>>> print(open('my_file.txt').read())   # compact mmCIF, C-alpha atoms and all ligand atoms
# COMPACT_ATOMS: atom_id res chain seq x y z
CA MET J 1364 119.58 -28.28 79.93
CA GLN J 1365 116.97 -27.89 77.22
CA ILE J 1366 117.58 -29.29 73.76
CA SER J 1367 117.61 -26.96 70.76
CA ILE J 1368 115.35 -27.63 67.80
CA TRP J 1369 118.50 -28.15 65.70
CA GLU J 1370 119.66 -30.92 68.04
CA LYS J 1371 116.15 -32.38 68.25
CA GLU J 1372 115.87 -32.54 64.45
CA SER J 1373 119.33 -34.01 63.83
CA PHE J 1374 121.30 -35.88 66.51
CA TYR J 1375 118.27 -36.66 68.68
CA ALA J 1376 115.75 -37.17 65.85
CA PRO J 1377 113.90 -40.48 66.20
CA LYS J 1378 115.85 -43.31 64.57
CA ASP J 1379 114.68 -46.47 62.88
CA VAL J 1380 117.10 -48.48 65.03
CA ILE J 1381 119.10 -47.65 68.14
CA ILE J 1382 121.81 -50.13 69.00
CA VAL J 1383 122.97 -50.28 72.61
CA GLY J 1384 126.66 -51.22 72.76
CA SER J 1385 129.42 -50.34 70.30
CA GLY J 1386 131.47 -53.51 70.64
CA LEU J 1387 132.05 -55.75 67.64
CA VAL J 1388 128.47 -57.05 67.59
CA GLY J 1389 126.92 -53.58 67.76
CA LEU J 1390 129.26 -52.33 65.04
CA TRP J 1391 128.78 -55.28 62.67
CA SER J 1392 125.01 -55.06 63.20
CA ALA J 1393 125.08 -51.37 62.28
CA TYR J 1394 127.14 -52.20 59.20
CA TYR J 1395 124.62 -54.77 57.95
CA LEU J 1396 121.57 -52.65 58.81
CA LYS J 1397 123.00 -49.90 56.63
CA LYS J 1398 124.20 -52.25 53.92
CA GLN J 1399 120.81 -53.93 53.64
CA ASN J 1400 118.97 -50.61 53.70
CA PRO J 1401 121.04 -47.42 53.35
CA ARG J 1402 117.96 -45.34 54.19
CA CYS J 1403 117.54 -46.99 57.61
CA SER J 1404 118.56 -44.43 60.26
CA VAL J 1405 120.83 -46.04 62.84
CA ALA J 1406 122.48 -44.75 66.00
CA ILE J 1407 124.73 -46.59 68.43
CA VAL J 1408 124.90 -45.62 72.09
CA ASP J 1409 127.76 -46.79 74.33
CA ARG J 1410 128.42 -45.90 77.94
CA GLY J 1411 132.17 -46.01 77.49
CA VAL J 1412 134.27 -43.19 76.07
CA ILE J 1413 135.37 -45.94 73.70
CA PRO J 1414 133.79 -49.43 73.42
CA THR J 1415 134.36 -50.77 76.93
CA GLY J 1416 133.48 -54.44 77.10
CA ALA J 1417 135.48 -57.24 75.53
CA SER J 1418 136.02 -56.01 71.99
CA THR J 1419 139.01 -53.74 72.65
CA ARG J 1420 140.37 -55.84 75.52
CA ASN J 1421 140.65 -59.30 74.01
CA ALA J 1422 143.60 -61.30 72.68
CA GLY J 1423 143.01 -60.60 68.99
CA PHE J 1424 142.80 -64.24 67.90
CA ALA J 1425 141.02 -64.80 64.60
CA CYS J 1426 140.16 -68.38 65.49
CA PHE J 1427 137.32 -70.88 65.44
CA GLY J 1428 138.24 -73.51 68.06
CA SER J 1429 141.09 -75.82 69.08
CA VAL J 1430 140.88 -79.64 69.04
CA THR J 1431 140.34 -80.14 72.79
CA GLU J 1432 137.91 -77.22 73.00
CA LEU J 1433 135.85 -78.53 70.09
CA GLN J 1434 135.90 -82.06 71.52
CA GLU J 1435 134.39 -80.64 74.69
CA ASP J 1436 131.81 -78.69 72.65
CA PHE J 1437 130.83 -81.82 70.70
CA THR J 1438 130.24 -83.59 74.02
CA LYS J 1439 128.31 -80.75 75.67
CA MET J 1440 126.40 -79.22 72.72
CA GLY J 1441 126.13 -82.09 70.27
CA GLU J 1442 127.41 -82.33 66.72
CA ASP J 1443 124.91 -80.11 64.88
CA LYS J 1444 125.19 -77.07 67.12
CA THR J 1445 128.98 -77.30 67.37
CA LEU J 1446 129.36 -77.49 63.60
CA GLU J 1447 126.92 -74.61 63.14
CA LEU J 1448 128.97 -72.52 65.54
CA VAL J 1449 132.27 -73.42 63.85
CA SER J 1450 130.80 -72.60 60.47
CA MET J 1451 129.54 -69.18 61.67
CA ARG J 1452 132.94 -68.39 63.18
CA TYR J 1453 134.81 -69.45 60.05
CA GLN J 1454 132.48 -67.52 57.73
CA GLY J 1455 132.71 -64.51 60.05
CA LEU J 1456 136.49 -64.44 59.71
CA GLN J 1457 136.34 -64.73 55.91
CA ARG J 1458 133.82 -61.91 55.78
CA MET J 1459 135.85 -59.66 58.07
CA ARG J 1460 138.91 -60.14 55.86
CA LYS J 1461 136.91 -59.33 52.76
CA ILE J 1462 135.26 -56.18 54.08
CA LEU J 1463 138.12 -54.63 56.03
CA ASP J 1464 141.61 -53.86 54.81
CA GLU J 1465 143.77 -56.54 56.48
CA LYS J 1466 146.69 -54.13 56.79
CA LEU J 1467 144.53 -51.60 58.62
CA ILE J 1468 143.72 -54.12 61.36
CA ASP J 1469 147.17 -55.81 61.43
CA PHE J 1470 145.60 -59.12 60.38
CA GLU J 1471 148.03 -61.94 59.66
CA LEU J 1472 147.28 -65.53 58.78
CA CYS J 1473 150.00 -66.62 61.21
CA GLY J 1474 148.68 -70.11 61.94
CA GLY J 1475 147.37 -71.38 65.25
CA TYR J 1476 148.62 -74.14 67.55
CA GLU J 1477 147.36 -76.18 70.47
CA LEU J 1478 149.84 -77.33 73.11
CA ILE J 1479 149.51 -80.80 74.58
CA ALA J 1480 151.48 -80.85 77.81
CA ALA J 1481 153.80 -83.75 78.63
CA ASP J 1482 151.83 -84.59 81.78
CA SER J 1483 148.56 -84.97 79.85
CA ASP J 1484 149.90 -86.64 76.69
CA PRO J 1485 147.37 -89.20 75.45
CA GLY J 1486 150.08 -90.79 73.24
CA MET J 1487 150.79 -90.34 69.56
CA GLU J 1488 148.35 -92.96 68.32
CA ALA J 1489 145.38 -91.57 70.29
CA LEU J 1490 146.24 -88.03 69.24
CA GLU J 1491 146.44 -88.90 65.55
CA GLU J 1492 143.08 -90.58 65.87
CA GLN J 1493 141.59 -87.48 67.56
CA ILE J 1494 142.95 -85.21 64.84
CA ALA J 1495 141.62 -87.43 62.04
CA THR J 1496 138.17 -87.56 63.65
CA MET J 1497 138.08 -83.80 64.17
CA ASN J 1498 139.20 -83.08 60.59
CA LYS J 1499 136.49 -85.37 59.27
CA LYS J 1500 133.81 -83.65 61.33
CA LEU J 1501 134.96 -80.10 60.49
CA LYS J 1502 135.02 -80.82 56.77
CA GLN J 1503 131.28 -80.14 56.67
CA ALA J 1504 131.65 -76.79 58.40
CA ILE J 1505 134.70 -75.31 56.72
CA LYS J 1506 135.14 -77.32 53.52
CA THR J 1507 138.76 -78.25 54.16
CA SER J 1508 139.87 -81.83 54.63
CA GLN J 1509 142.81 -81.09 56.91
CA THR J 1510 142.21 -78.31 59.41
CA PHE J 1511 144.53 -79.73 62.09
CA LYS J 1512 147.83 -81.56 61.81
CA LEU J 1513 150.64 -82.56 64.16
CA SER J 1514 153.53 -80.11 64.18
CA ASP J 1515 155.84 -81.46 66.88
CA LYS J 1516 158.96 -80.20 65.12
CA LYS J 1517 158.02 -76.66 66.05
CA ILE J 1518 158.10 -77.34 69.82
CA SER J 1519 161.85 -76.80 70.04
CA GLU J 1520 161.82 -74.15 67.32
CA PHE J 1521 159.40 -72.06 69.43
CA GLY J 1522 161.41 -72.81 72.61
CA PHE J 1523 158.63 -74.48 74.64
CA GLN J 1524 159.26 -76.82 77.54
CA HIS J 1525 157.15 -79.57 79.11
CA VAL J 1526 155.16 -79.76 75.86
CA ALA J 1527 154.71 -83.18 74.23
CA HIS J 1528 152.83 -82.20 71.06
CA LEU J 1529 151.74 -79.25 68.99
CA LEU J 1530 148.62 -79.38 66.81
CA GLU J 1531 148.70 -76.84 63.99
CA ASN J 1532 145.79 -75.08 62.30
CA LYS J 1533 147.03 -73.04 59.38
CA LEU J 1534 143.67 -71.26 58.96
CA GLU J 1535 144.06 -69.23 62.13
CA GLY J 1536 145.31 -65.66 62.39
CA TYR J 1537 145.80 -62.74 64.69
CA LEU J 1538 144.94 -59.07 64.50
CA HIS J 1539 145.01 -55.80 66.42
CA SER J 1540 141.76 -55.60 68.41
CA GLY J 1541 141.85 -51.82 68.89
CA LYS J 1542 142.48 -51.18 65.21
CA LEU J 1543 139.67 -53.59 64.29
CA CYS J 1544 137.14 -51.64 66.38
CA GLN J 1545 138.45 -48.31 65.08
CA ALA J 1546 138.25 -49.45 61.46
CA LEU J 1547 134.67 -50.67 61.95
CA LEU J 1548 133.65 -47.49 63.74
CA GLN J 1549 135.01 -45.40 60.88
CA LEU J 1550 133.29 -47.62 58.34
CA VAL J 1551 129.83 -47.40 59.94
CA GLN J 1552 130.19 -43.66 60.48
CA SER J 1553 131.04 -43.27 56.79
CA MET J 1554 127.76 -45.08 56.07
CA GLY J 1555 125.79 -42.54 58.14
CA VAL J 1556 125.56 -44.23 61.53
CA ILE J 1557 125.63 -41.78 64.47
CA VAL J 1558 127.68 -42.96 67.46
CA PHE J 1559 127.09 -41.56 70.95
CA ASN J 1560 129.73 -42.34 73.55
CA GLY J 1561 129.64 -41.80 77.30
CA VAL J 1562 125.88 -42.38 77.40
CA GLU J 1563 124.46 -45.20 79.50
CA ILE J 1564 121.03 -46.60 78.78
CA THR J 1565 119.26 -47.34 82.07
CA HIS J 1566 115.89 -48.61 80.77
CA PHE J 1567 113.39 -48.22 77.97
CA GLU J 1568 109.64 -48.28 77.43
CA LYS J 1569 107.13 -48.16 74.64
CA ILE J 1570 105.25 -44.87 74.27
CA VAL J 1571 102.54 -44.99 71.61
CA ASP J 1572 104.31 -46.81 68.77
CA LYS J 1573 107.92 -45.80 69.58
CA MET J 1574 110.54 -47.04 71.99
CA VAL J 1575 111.95 -44.40 74.34
CA LEU J 1576 115.40 -45.04 75.81
CA TYR J 1577 116.31 -43.35 79.08
CA THR J 1578 119.88 -42.61 80.08
CA LYS J 1579 121.96 -41.94 83.18
CA GLN J 1580 122.84 -38.59 81.61
CA GLN J 1581 119.13 -37.56 81.56
CA LEU J 1582 119.00 -37.61 77.75
CA ARG J 1583 116.27 -39.46 75.89
CA PHE J 1584 116.46 -41.27 72.59
CA THR J 1585 113.57 -42.47 70.48
CA ALA J 1586 113.57 -45.32 68.00
CA SER J 1587 111.23 -47.67 66.18
CA LYS J 1588 113.40 -50.62 67.25
CA ILE J 1589 116.08 -51.25 69.86
CA LEU J 1590 118.90 -53.74 69.43
CA VAL J 1591 120.72 -54.63 72.65
CA CYS J 1592 124.36 -55.64 71.99
CA THR J 1593 125.78 -55.34 75.47
CA ASN J 1594 126.97 -58.96 75.72
CA ALA J 1595 128.16 -59.72 79.27
CA PHE J 1596 126.20 -56.73 80.62
CA ALA J 1597 122.93 -57.61 78.88
CA LYS J 1598 121.16 -58.68 82.08
CA GLU J 1599 121.22 -55.06 83.29
CA LEU J 1600 118.68 -54.21 80.57
CA LEU J 1601 117.17 -57.65 79.90
CA PRO J 1602 117.26 -59.57 83.21
CA ALA J 1603 115.63 -62.73 81.85
CA LEU J 1604 118.49 -63.56 79.46
CA ASP J 1605 120.71 -66.57 80.12
CA ILE J 1606 123.98 -64.62 80.40
CA ILE J 1607 126.81 -65.25 82.82
CA PRO J 1608 129.67 -62.72 82.89
CA ALA J 1609 133.12 -64.26 82.69
CA ARG J 1610 136.16 -62.13 83.26
CA GLY J 1611 139.19 -62.78 81.09
CA GLN J 1612 142.54 -61.59 82.41
CA VAL J 1613 145.59 -60.90 80.29
CA LEU J 1614 149.23 -59.96 80.70
CA VAL J 1615 151.84 -58.79 78.19
CA THR J 1616 155.63 -59.07 78.48
CA SER J 1617 158.37 -56.65 77.58
CA THR J 1618 160.26 -57.22 74.32
CA ILE J 1619 162.07 -60.56 74.46
CA HIS J 1620 165.43 -60.93 72.80
CA GLY J 1621 165.44 -63.83 70.34
CA LEU J 1622 161.74 -64.68 70.70
CA LYS J 1623 161.00 -67.41 68.16
CA LEU J 1624 157.33 -68.17 68.59
CA ASN J 1625 154.92 -66.76 66.06
CA GLY J 1626 151.20 -67.49 65.96
CA THR J 1627 148.18 -67.98 68.16
CA PHE J 1628 148.41 -70.69 70.83
CA HIS J 1629 145.77 -72.55 72.83
CA TYR J 1630 146.02 -74.85 75.81
CA ASP J 1631 143.60 -76.85 77.95
CA GLU J 1632 140.33 -76.54 75.97
CA GLY J 1633 141.11 -72.91 75.20
CA TYR J 1634 141.24 -71.85 78.85
CA TYR J 1635 144.79 -70.58 78.25
CA TYR J 1636 145.77 -68.65 75.15
CA PHE J 1637 148.85 -66.75 74.07
CA ARG J 1638 150.35 -65.12 71.01
CA ASN J 1639 153.24 -62.93 70.06
CA ILE J 1640 152.84 -59.21 69.43
CA GLY J 1641 156.09 -58.64 67.56
CA ASN J 1642 158.73 -59.76 70.06
CA ARG J 1643 156.41 -59.58 73.06
CA VAL J 1644 154.07 -62.27 74.40
CA LEU J 1645 150.42 -61.75 75.31
CA LEU J 1646 149.04 -64.47 77.58
CA GLY J 1647 145.50 -64.73 78.92
CA GLY J 1648 143.03 -67.06 80.53
CA ALA J 1649 143.29 -69.44 83.51
CA ARG J 1650 139.68 -68.60 84.38
CA ASN J 1651 139.18 -72.29 85.17
CA LYS J 1652 141.47 -71.84 88.19
CA ALA J 1653 138.90 -69.56 89.89
CA PHE J 1654 135.55 -69.89 88.12
CA GLU J 1655 133.49 -68.29 90.89
CA GLU J 1656 135.81 -65.33 91.41
CA GLU J 1657 135.88 -64.65 87.66
CA ARG J 1658 132.08 -64.65 87.31
CA THR J 1659 131.99 -60.87 87.54
CA THR J 1660 131.64 -57.69 85.50
CA GLU J 1661 134.41 -55.95 87.52
CA MET J 1662 137.21 -55.07 85.11
CA ASN J 1663 140.19 -55.53 87.38
CA THR J 1664 142.95 -58.14 87.66
CA THR J 1665 143.57 -60.48 90.58
CA ASP J 1666 146.64 -62.04 92.15
CA THR J 1667 145.25 -65.58 91.83
CA ILE J 1668 144.95 -65.45 88.05
CA GLN J 1669 147.92 -63.23 87.33
CA LYS J 1670 150.26 -65.48 89.38
CA GLU J 1671 148.92 -68.54 87.57
CA LEU J 1672 149.55 -66.84 84.20
CA GLU J 1673 153.07 -65.87 85.27
CA HIS J 1674 153.76 -69.47 86.29
CA PHE J 1675 152.44 -70.78 82.96
CA LEU J 1676 154.61 -68.29 81.07
CA ALA J 1677 157.80 -69.27 82.88
CA HIS J 1678 157.10 -73.02 82.87
CA TYR J 1679 155.91 -73.68 79.31
CA ILE J 1680 156.42 -70.67 77.08
CA LEU J 1681 159.52 -68.72 78.05
CA PRO J 1682 161.72 -71.03 80.16
CA GLY J 1683 165.09 -69.40 80.85
CA LYS J 1684 164.21 -66.16 79.06
CA GLU J 1685 164.51 -62.70 80.58
CA TYR J 1686 161.48 -60.46 80.49
CA ALA J 1687 159.25 -58.23 82.58
CA ILE J 1688 155.47 -57.98 82.67
CA THR J 1689 154.61 -54.53 81.33
CA ASP J 1690 150.82 -54.64 80.99
CA ARG J 1691 147.91 -56.36 82.67
CA TRP J 1692 144.18 -55.91 82.10
CA SER J 1693 140.86 -57.70 81.98
CA GLY J 1694 137.72 -57.70 79.86
CA ILE J 1695 134.34 -59.33 80.36
CA MET J 1696 132.97 -62.11 78.17
CA GLY J 1697 129.32 -63.11 77.89
CA MET J 1698 128.81 -66.82 78.61
CA GLY J 1699 125.74 -68.85 79.51
CA SER J 1700 124.42 -72.36 79.91
CA GLU J 1701 125.43 -72.99 76.28
CA LYS J 1702 127.74 -71.42 73.71
CA MET J 1703 125.23 -70.49 71.02
CA PRO J 1704 124.76 -66.71 70.77
CA ILE J 1705 121.34 -65.33 71.69
CA MET J 1706 119.72 -63.51 68.77
CA GLN J 1707 116.06 -62.88 69.29
CA GLU J 1708 113.13 -60.50 69.47
CA VAL J 1709 112.84 -60.18 73.23
CA SER J 1710 109.59 -58.23 73.12
CA PRO J 1711 107.88 -56.28 70.34
CA GLN J 1712 110.41 -53.79 68.89
CA VAL J 1713 113.20 -54.96 71.23
CA TYR J 1714 115.89 -57.31 69.95
CA CYS J 1715 119.18 -58.62 71.26
CA ALA J 1716 122.39 -60.13 69.88
CA VAL J 1717 124.48 -61.23 72.83
CA ARG J 1718 126.48 -64.11 74.42
CA MET J 1719 129.47 -64.46 72.12
CA SER J 1720 131.04 -67.05 74.49
CA GLY J 1721 134.57 -65.77 74.10
CA MET J 1722 134.83 -65.84 70.31
CA GLY J 1723 133.15 -62.65 69.15
CA VAL J 1724 135.92 -61.55 66.78
CA ALA J 1725 134.95 -64.41 64.50
CA LEU J 1726 131.23 -64.54 65.24
CA ALA J 1727 130.25 -60.87 65.14
CA PRO J 1728 130.16 -60.36 61.34
CA VAL J 1729 127.73 -63.26 60.86
CA ILE J 1730 125.66 -62.42 63.95
CA GLY J 1731 125.47 -58.80 62.79
CA GLU J 1732 124.13 -59.86 59.41
CA LYS J 1733 121.60 -62.32 60.85
CA VAL J 1734 120.21 -59.87 63.38
CA ALA J 1735 119.99 -57.07 60.80
CA GLU J 1736 117.96 -59.48 58.67
CA MET J 1737 115.71 -60.19 61.70
CA LEU J 1738 115.07 -56.48 62.25
CA LYS J 1739 113.85 -56.05 58.66
CA ASP J 1740 110.67 -58.01 59.32
C1 LIG G 1801 140.44 -61.23 77.77
C2 LIG G 1801 139.60 -61.59 76.60
C3 LIG G 1801 140.19 -62.25 75.52
C4 LIG G 1801 139.42 -62.57 74.40
N1 LIG G 1801 140.05 -63.06 73.30
C5 LIG G 1801 139.34 -63.26 72.18
C6 LIG G 1801 139.99 -63.65 70.99
O1 LIG G 1801 141.21 -63.74 70.96
N2 LIG G 1801 139.23 -63.91 69.89
C7 LIG G 1801 137.86 -63.79 69.93
O2 LIG G 1801 137.20 -64.08 68.92
N3 LIG G 1801 137.24 -63.36 71.03
C8 LIG G 1801 137.94 -63.08 72.13
N4 LIG G 1801 137.31 -62.64 73.25
C9 LIG G 1801 135.86 -62.46 73.20
C10 LIG G 1801 135.46 -61.24 72.37
O3 LIG G 1801 136.25 -60.13 72.71
C11 LIG G 1801 133.98 -60.97 72.59
O4 LIG G 1801 133.24 -62.13 72.24
C12 LIG G 1801 133.46 -59.81 71.78
O5 LIG G 1801 134.28 -58.69 71.89
C13 LIG G 1801 132.05 -59.47 72.24
O6 LIG G 1801 131.62 -58.33 71.53
P1 LIG G 1801 130.26 -57.64 71.91
O7 LIG G 1801 130.08 -56.51 70.99
O8 LIG G 1801 129.19 -58.66 72.00
O9 LIG G 1801 130.45 -57.13 73.40
P2 LIG G 1801 131.40 -56.03 74.05
O10 LIG G 1801 132.62 -55.81 73.27
O11 LIG G 1801 131.55 -56.41 75.47
O12 LIG G 1801 130.55 -54.70 73.93
C14 LIG G 1801 129.47 -54.38 74.77
C15 LIG G 1801 129.39 -52.86 74.84
O13 LIG G 1801 128.19 -52.50 75.50
C16 LIG G 1801 128.43 -51.32 76.23
N5 LIG G 1801 127.37 -51.23 77.24
C17 LIG G 1801 127.09 -52.12 78.22
N6 LIG G 1801 126.00 -51.73 78.90
C18 LIG G 1801 125.58 -50.56 78.36
C19 LIG G 1801 124.50 -49.65 78.64
N7 LIG G 1801 123.61 -49.90 79.61
N8 LIG G 1801 124.36 -48.53 77.88
C20 LIG G 1801 125.25 -48.28 76.88
N9 LIG G 1801 126.29 -49.10 76.57
C21 LIG G 1801 126.45 -50.22 77.30
C22 LIG G 1801 129.83 -51.52 76.80
O14 LIG G 1801 130.42 -50.28 77.13
C23 LIG G 1801 130.53 -52.22 75.63
O15 LIG G 1801 131.23 -51.32 74.80
C24 LIG G 1801 138.03 -62.30 74.39
C25 LIG G 1801 137.44 -61.68 75.48
C26 LIG G 1801 138.20 -61.31 76.58
C27 LIG G 1801 137.56 -60.62 77.73
>>> encode(input="my_file.txt", output="structure tokens")
Amino acid sequence: MQISIWEKESFYAPKDVIIVGSGLVGLWSAYYLKKQNPRCSVAIVDRGVIPTGASTRNAGFACFGSVTELQEDFTKMGEDKTLELVSMRYQGLQRMRKILDEKLIDFELCGGYELIAADSDPGMEALEEQIATMNKKLKQAIKTSQTFKLSDKKISEFGFQHVAHLLENKLEGYLHSGKLCQALLQLVQSMGVIVFNGVEITHFEKIVDKMVLYTKQQLRFTASKILVCTNAFAKELLPALDIIPARGQVLVTSTIHGLKLNGTFHYDEGYYYFRNIGNRVLLGGARNKAFEEERTTEMNTTDTIQKELEHFLAHYILPGKEYAITDRWSGIMGMGSEKMPIMQEVSPQVYCAVRMSGMGVALAPVIGEKVAEMLKD
């Protein structure tokens, strides 16, 4: 099919920036590119009919790290990088709440909790010491002296079993992931960003001074700069990047009569996470039970993980309750040898903002702003 001159001079006209991927990072990047320079022409291309990576398939936690997860990060990444990451996540959440209408995205500052199981209880004294140390360290990053506190009274209130302690973080919230992406899409479109869905970029090359993007659908796009925001899938376009796909599986229960728990919940360095959606429970994770199997971009669910999640649900969260599992799905996270996102000019006129390491809801607003700044130069 030939292209009309009308199409060539409007939809397909060369853009200043073409973003590949309309997940949270692509959308926030588009927002900041337009905010910093309203005259910058920006298009986003996504192969999904809707964003089809992690952004619409996650758990909707507005969080920045639990105590055991951050302890592990301090050990593996060192103090400076961990605090930088926490600070970016925290700032990202503040910014998201300022820019978007909280009601539109079902955001609630519900509070977050970490479960310490009875069979891995380090004892009250050790735990209090860990909390005090963590609060002291985080003070630099989020300017609050008490991020975490013990909240053991809520264990019975929430109906948990086999749980020795609960650590509370009142700065955490939850939101509706689909509504967040929709709200952002509408916002960037209102700023003049063109969004193409159902178009897969296969490769690109420089022709004279422009970048030409080729697609599976035999269309071509032209731009001065390309920004790759395809996270877990980034190696398909940029094979040299340090990205490891990590599948996250989720299940959701039917409505549960008398459900008491409210908030976001973490367990085992963040490998397990659950929350309520009204009177239902969403539970995800357990990737650490089958690391190799979950190192994939296949978006299906498996018996190994789903059975483990069901066991966790019955054992710790909903003992004695009646419910059914109504929904199961998976999404793909972008991990790597470390947790810091990759934001860089990969080659002249080609940039990337990828590897959100499982916390892109919080990180994306700050990453979007930083990478938009980078593209200005
Ligand atoms: C199960 C699960 C639970 C999670 N829970 C949370 C949570 O509670 N809180 C939190 O902060 N984070 C959570 N995360 C992580 C978070 O969702 C991600 O960090 C974030 O969504 C990443 O956004 P992104 O824009 O970088 O990537 P994605 O959302 O993955 O977007 C990448 C986009 O690129 C498109 N694409 C890929 N290749 C091409 C191509 N060649 N051409 C065109 N388009 C292409 C895809 O279709 C996709 O839409 C979770 C992730 C999963 C999987």
>>> closest_residue(input="my_file.txt", among="J:Leu1387, J:Ile1462, J:Leu1396, J:Leu1490", to="ligand LIG 1801 (chain G)", atoms="all atoms listed in the file")
J:Leu1387
>>> closest_atom_pairs(input="my_file.txt", of="chain J", to="ligand LIG 1801 (chain G)", cutoff="6 Å", atoms="all atoms listed in the file", output="CSV")
residue,atom,partner,partner_atom,distance
J:Val1383,CA,G:LIG1801,C20,5.2
J:Gly1384,CA,G:LIG1801,O13,3.4
J:Ser1385,CA,G:LIG1801,O15,4.9
J:Gly1386,CA,G:LIG1801,O7,3.3
J:Leu1387,CA,G:LIG1801,O7,4.0
J:Val1388,CA,G:LIG1801,O7,3.8
J:Gly1389,CA,G:LIG1801,O7,5.4
J:Val1408,CA,G:LIG1801,C20,5.5
J:Asp1409,CA,G:LIG1801,N9,3.5
J:Arg1410,CA,G:LIG1801,N9,4.1
J:Gly1411,CA,G:LIG1801,O14,4.6
J:Pro1414,CA,G:LIG1801,O15,3.5
J:Thr1415,CA,G:LIG1801,O15,3.8
J:Gly1416,CA,G:LIG1801,O11,3.2
J:Ala1417,CA,G:LIG1801,O10,3.9
J:Ser1418,CA,G:LIG1801,O5,3.2
J:Arg1420,CA,G:LIG1801,C1,5.8
J:Asn1421,CA,G:LIG1801,C3,3.3
J:Ala1422,CA,G:LIG1801,O1,3.8
J:Gly1423,CA,G:LIG1801,O1,4.1
J:Phe1424,CA,G:LIG1801,O1,3.5
J:Ala1425,CA,G:LIG1801,N2,5.7
J:Val1562,CA,G:LIG1801,C20,6.0
J:Glu1563,CA,G:LIG1801,N8,3.7
J:Ile1564,CA,G:LIG1801,N8,4.0
J:Thr1565,CA,G:LIG1801,N7,5.6
J:Cys1592,CA,G:LIG1801,O8,5.7
J:Thr1593,CA,G:LIG1801,O13,3.7
J:Asn1594,CA,G:LIG1801,O8,4.3
J:Phe1596,CA,G:LIG1801,C17,5.3
J:Arg1610,CA,G:LIG1801,C27,5.9
J:Gly1611,CA,G:LIG1801,C1,3.9
J:Gln1612,CA,G:LIG1801,C1,5.1
J:Val1613,CA,G:LIG1801,C1,5.7
J:Ser1693,CA,G:LIG1801,C1,5.5
J:Gly1694,CA,G:LIG1801,C27,3.6
J:Ile1695,CA,G:LIG1801,C27,4.4
J:Met1696,CA,G:LIG1801,C27,4.8
J:Val1717,CA,G:LIG1801,O8,5.4
J:Met1719,CA,G:LIG1801,O4,4.4
J:Ser1720,CA,G:LIG1801,O4,5.8
J:Gly1721,CA,G:LIG1801,C9,3.7
J:Met1722,CA,G:LIG1801,O2,3.3
J:Gly1723,CA,G:LIG1801,O4,3.1
J:Val1724,CA,G:LIG1801,O2,3.6
J:Ala1725,CA,G:LIG1801,O2,5.0
>>> atom_distance(input="my_file.txt", atom1="atom CA of Leu1672 of chain J", atom2="atom CA of Tyr1453 of chain J")
28.4 Å
>>> atom_distance(input="my_file.txt", atom1="atom CA of Thr1616 of chain J", atom2="atom CA of Leu1534 of chain J")
25.9 Å
>>> closest_residue(input="my_file.txt", among="J:Ala1609, J:Ile1505, J:Cys1403, J:Val1615", to="Leu1676 of chain J", atoms="all atoms listed in the file")
J:Val1615
>>> residues_around(input="my_file.txt", residues="Lys1378 of chain J", least_positions_apart="4", cutoff="7 Å", atoms="all atoms listed in the file", output="ChimeraX atom specification")
/J:1404-1406,1585-1587
>>> axis_aligned_box(input="my_file.txt", around="segment 1500-1513 of chain J", padding_each_side="5 Å", output="AutoDock Vina command-line options")
--center_x 141.0 --center_y -79.5 --center_z 58.8 --size_x 29.4 --size_y 18.3 --size_z 20.6
>>> closest_residue(input="my_file.txt", among="J:Ala1393, J:Ala1546, J:Val1556, J:Val1713", to="Lys1466 of chain J", atoms="only C-alpha atoms")
J:Ala1546
>>> atom_distance(input="my_file.txt", atom1="atom CA of Ala1603 of chain J", atom2="atom CA of Val1558 of chain J")
27.3 Å
>>> residues_around(input="my_file.txt", residues="segment 1438-1442 of chain J", least_positions_apart="6", cutoff="12 Å", atoms="all atoms listed in the file", output="number ranges by chain")
J: 1431-1432, 1448-1449, 1497, 1500-1501, 1503-1504, 1700-1703
>>> build_atoms(input="my_file.txt", residues="segment 1418-1424 of chain J", atoms="N, CA and C atoms", output="short mmCIF file (atom, residue, chain, number, x, y, z; two decimals), keeping the file's coordinate frame")
data_model
loop_
_atom_site.label_atom_id
_atom_site.label_comp_id
_atom_site.auth_asym_id
_atom_site.auth_seq_id
_atom_site.Cartn_x
_atom_site.Cartn_y
_atom_site.Cartn_z
N SER J 1418 135.53 -56.14 73.37
CA SER J 1418 136.02 -56.01 71.99
C SER J 1418 137.38 -55.34 71.84
N THR J 1419 137.70 -54.40 72.75
CA THR J 1419 139.01 -53.74 72.65
C THR J 1419 139.97 -54.28 73.70
N ARG J 1420 139.57 -55.36 74.40
CA ARG J 1420 140.37 -55.84 75.52
C ARG J 1420 140.70 -57.33 75.38
N ASN J 1421 140.45 -57.85 74.19
CA ASN J 1421 140.65 -59.30 74.01
C ASN J 1421 142.07 -59.62 73.53
N ALA J 1422 142.26 -60.86 73.06
CA ALA J 1422 143.60 -61.30 72.68
C ALA J 1422 143.86 -61.13 71.18
N GLY J 1423 142.83 -60.82 70.43
CA GLY J 1423 143.01 -60.60 68.99
C GLY J 1423 143.24 -61.88 68.20
N PHE J 1424 142.70 -62.99 68.66
CA PHE J 1424 142.80 -64.24 67.90
C PHE J 1424 141.69 -64.25 66.85
#
